[in-house]
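Chemist: Would you mind keeping the following structure in view while I ask a few things?
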Amino acid sequence: MRHISPTDLVDILDNCAEFLDNYVDVNDGDDGQPVPNRAMSLKADVEAARDAVQQQIDRDNHDH
């Protein structure tokens, strides 16, 4: 298994979010209101993970 740097991880997560964007849609919820489909929810999680990793990179760079 190869080593993945935090910067590489940000790039990988960006690519995942971009790929998932092709599948983002809404579904009708139980109450008739639109709700995010699985791809939309997963994309939001991927973007949140990417942002968390990027914030850690930024903090680490600031501390040095």
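Every chain in the structure tokens has a letter given in the order shown (A, B, ...), and although residue numbers restart at 1 in each chain, ligands are simply numbered from 1 in the order shown.
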Please return as a PyMOL selection string: the residues of segment 5-64 of chain A that backbone DSSP assigns to helix (DSSP H, G or I).
Modeler: chain A and resi 6-21+38-63
Chemist: For Thr7 of chain A, find every residue with an atom within 10 Å (counting only C-alpha atoms), except residues of its own chain fewer than 2 positions away, and show them as JSON, numbers by chain.
Modeler: {"A": [4, 5, 9, 10, 11, 12, 13, 50, 53, 54, 57]}
Chemist: Go ahead and dump the residues you just picked, all heavy atoms, as a short mmCIF file (atom, residue, chain, number, x, y, z; two decimals), in the first residue's frame.
Modeler:
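In the end it all went to result.cif:
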```cif
data_model
loop_
_atom_site.label_atom_id
_atom_site.label_comp_id
_atom_site.auth_asym_id
_atom_site.auth_seq_id
_atom_site.Cartn_x
_atom_site.Cartn_y
_atom_site.Cartn_z
N ILE A 4 -0.15 7.88 1.32
CA ILE A 4 -0.94 8.98 0.77
C ILE A 4 -0.76 10.17 1.69
O ILE A 4 -1.11 10.12 2.88
CB ILE A 4 -2.43 8.60 0.66
CG1 ILE A 4 -2.60 7.42 -0.30
CG2 ILE A 4 -3.25 9.80 0.21
CD1 ILE A 4 -4.01 6.89 -0.37
N SER A 5 -0.21 11.24 1.15
CA SER A 5 0.00 12.44 1.94
C SER A 5 -1.33 13.16 2.13
O SER A 5 -2.30 12.95 1.38
CB SER A 5 0.99 13.37 1.23
OG SER A 5 0.37 13.98 0.09
N LEU A 9 -4.59 13.35 -0.31
CA LEU A 9 -5.93 13.01 0.15
C LEU A 9 -6.92 14.10 -0.23
O LEU A 9 -8.04 13.81 -0.65
CB LEU A 9 -5.93 12.78 1.66
CG LEU A 9 -7.24 12.36 2.29
CD1 LEU A 9 -7.82 11.11 1.63
CD2 LEU A 9 -7.08 12.14 3.78
N VAL A 10 -6.54 15.35 -0.10
CA VAL A 10 -7.41 16.47 -0.51
C VAL A 10 -7.74 16.34 -2.00
O VAL A 10 -8.90 16.48 -2.40
CB VAL A 10 -6.76 17.83 -0.20
CG1 VAL A 10 -7.52 18.97 -0.87
CG2 VAL A 10 -6.70 18.06 1.30
N ASP A 11 -6.73 16.04 -2.81
CA ASP A 11 -6.95 15.88 -4.25
C ASP A 11 -7.88 14.70 -4.55
O ASP A 11 -8.78 14.79 -5.39
CB ASP A 11 -5.64 15.69 -4.99
CG ASP A 11 -4.77 16.93 -5.01
OD1 ASP A 11 -5.31 18.05 -4.81
OD2 ASP A 11 -3.55 16.80 -5.24
N ILE A 12 -7.69 13.59 -3.85
CA ILE A 12 -8.53 12.41 -4.04
C ILE A 12 -9.97 12.73 -3.66
O ILE A 12 -10.92 12.38 -4.39
CB ILE A 12 -7.99 11.23 -3.22
CG1 ILE A 12 -6.67 10.74 -3.81
CG2 ILE A 12 -9.02 10.09 -3.16
CD1 ILE A 12 -5.89 9.80 -2.90
N LEU A 13 -10.16 13.41 -2.54
CA LEU A 13 -11.51 13.76 -2.11
C LEU A 13 -12.16 14.75 -3.07
O LEU A 13 -13.37 14.68 -3.32
CB LEU A 13 -11.48 14.30 -0.68
CG LEU A 13 -11.12 13.26 0.39
CD1 LEU A 13 -10.86 13.94 1.73
CD2 LEU A 13 -12.19 12.20 0.51
N ARG A 50 -12.85 16.60 3.09
CA ARG A 50 -11.80 17.35 2.37
C ARG A 50 -11.48 18.65 3.09
O ARG A 50 -10.31 19.00 3.28
CB ARG A 50 -12.27 17.63 0.94
CG ARG A 50 -11.25 18.44 0.13
CD ARG A 50 -11.87 19.29 -0.95
NE ARG A 50 -12.93 20.13 -0.43
CZ ARG A 50 -13.99 20.48 -1.14
NH1 ARG A 50 -14.17 20.03 -2.36
NH2 ARG A 50 -14.90 21.28 -0.61
N VAL A 53 -9.45 18.01 6.29
CA VAL A 53 -8.04 17.69 5.99
C VAL A 53 -7.31 18.96 5.57
O VAL A 53 -6.19 19.22 6.03
CB VAL A 53 -7.93 16.60 4.89
CG1 VAL A 53 -6.48 16.40 4.47
CG2 VAL A 53 -8.53 15.29 5.38
N GLN A 54 -7.94 19.77 4.73
CA GLN A 54 -7.30 21.02 4.28
C GLN A 54 -7.05 21.96 5.46
O GLN A 54 -6.00 22.59 5.54
CB GLN A 54 -8.15 21.71 3.22
CG GLN A 54 -7.48 22.93 2.61
CD GLN A 54 -6.19 22.59 1.90
OE1 GLN A 54 -6.19 21.78 0.98
NE2 GLN A 54 -5.09 23.20 2.31
N ILE A 57 -4.02 20.74 7.26
CA ILE A 57 -2.82 21.10 6.49
C ILE A 57 -2.48 22.56 6.73
O ILE A 57 -1.32 22.91 6.98
CB ILE A 57 -3.03 20.83 4.98
CG1 ILE A 57 -3.12 19.34 4.70
CG2 ILE A 57 -1.92 21.47 4.15
CD1 ILE A 57 -3.58 19.01 3.29
#
```
Chemist: Between atom CA of Phe19 of chain A and atom CA of Ala44 of chain A, what is the spacing in Å?
Modeler: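 Pair atom CA of Ala44 of chain A / atom CA of Phe19 of chain A returns 12.4 Å.
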Chemist: Calculated over only C-alpha atoms, which of the candidates A:Cys16, A:Val35, A:Val24, A:Met1 has the smallest distance to Glu47 of chain A?
Modeler: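 Between A:Cys16, A:Val35, A:Val24, A:Met1, the residue approaching Glu47 of chain A most closely is A:Cys16.
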Chemist: For atom CA of Gln56 of chain A and atom CA of Pro6 of chain A, determine how far apart the two atoms are, in Å to one decimal place.
Modeler: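 Those two atoms sit 8.7 Å apart.
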Chemist: So which one's closest to Ala49 of chain A, A:Val26, A:Leu20, A:Asn37, A:Asp14? Using only C-alpha atoms, please.
Modeler: A:Asp14
Chemist: Quick one: of A:Ala17, A:Gly29, A:Arg38, A:Asp63, who's nearest to Asp51 of chain A, counting only C-alpha atoms?
Modeler: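 Ranking A:Ala17, A:Gly29, A:Arg38, A:Asp63 by distance to Asp51 of chain A, first place goes to A:Ala17.
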Chemist: So the first atom is atom CA of Ala39 of chain A and the second is atom CA of Asn22 of chain A; what is the distance between them in Å, to one decimal place?
Modeler: 8.7 Å
Chemist: Which of chain A end up as strand (DSSP E or B) when DSSP is run on this backbone - answer as a CSV table (one decimal) with C-alpha atoms, in the first residue's frame?
Modeler:
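Contents of the output file result_9.csv:
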```
chain,number,residue,atom,x,y,z
A,26,VAL,CA,-33.2,15.0,-5.0
A,27,ASN,CA,-35.9,12.5,-4.1
A,28,ASP,CA,-39.4,13.0,-2.8
A,34,PRO,CA,-37.5,17.1,-1.7
A,35,VAL,CA,-34.7,15.3,0.2
A,36,PRO,CA,-31.1,14.7,-1.0
```
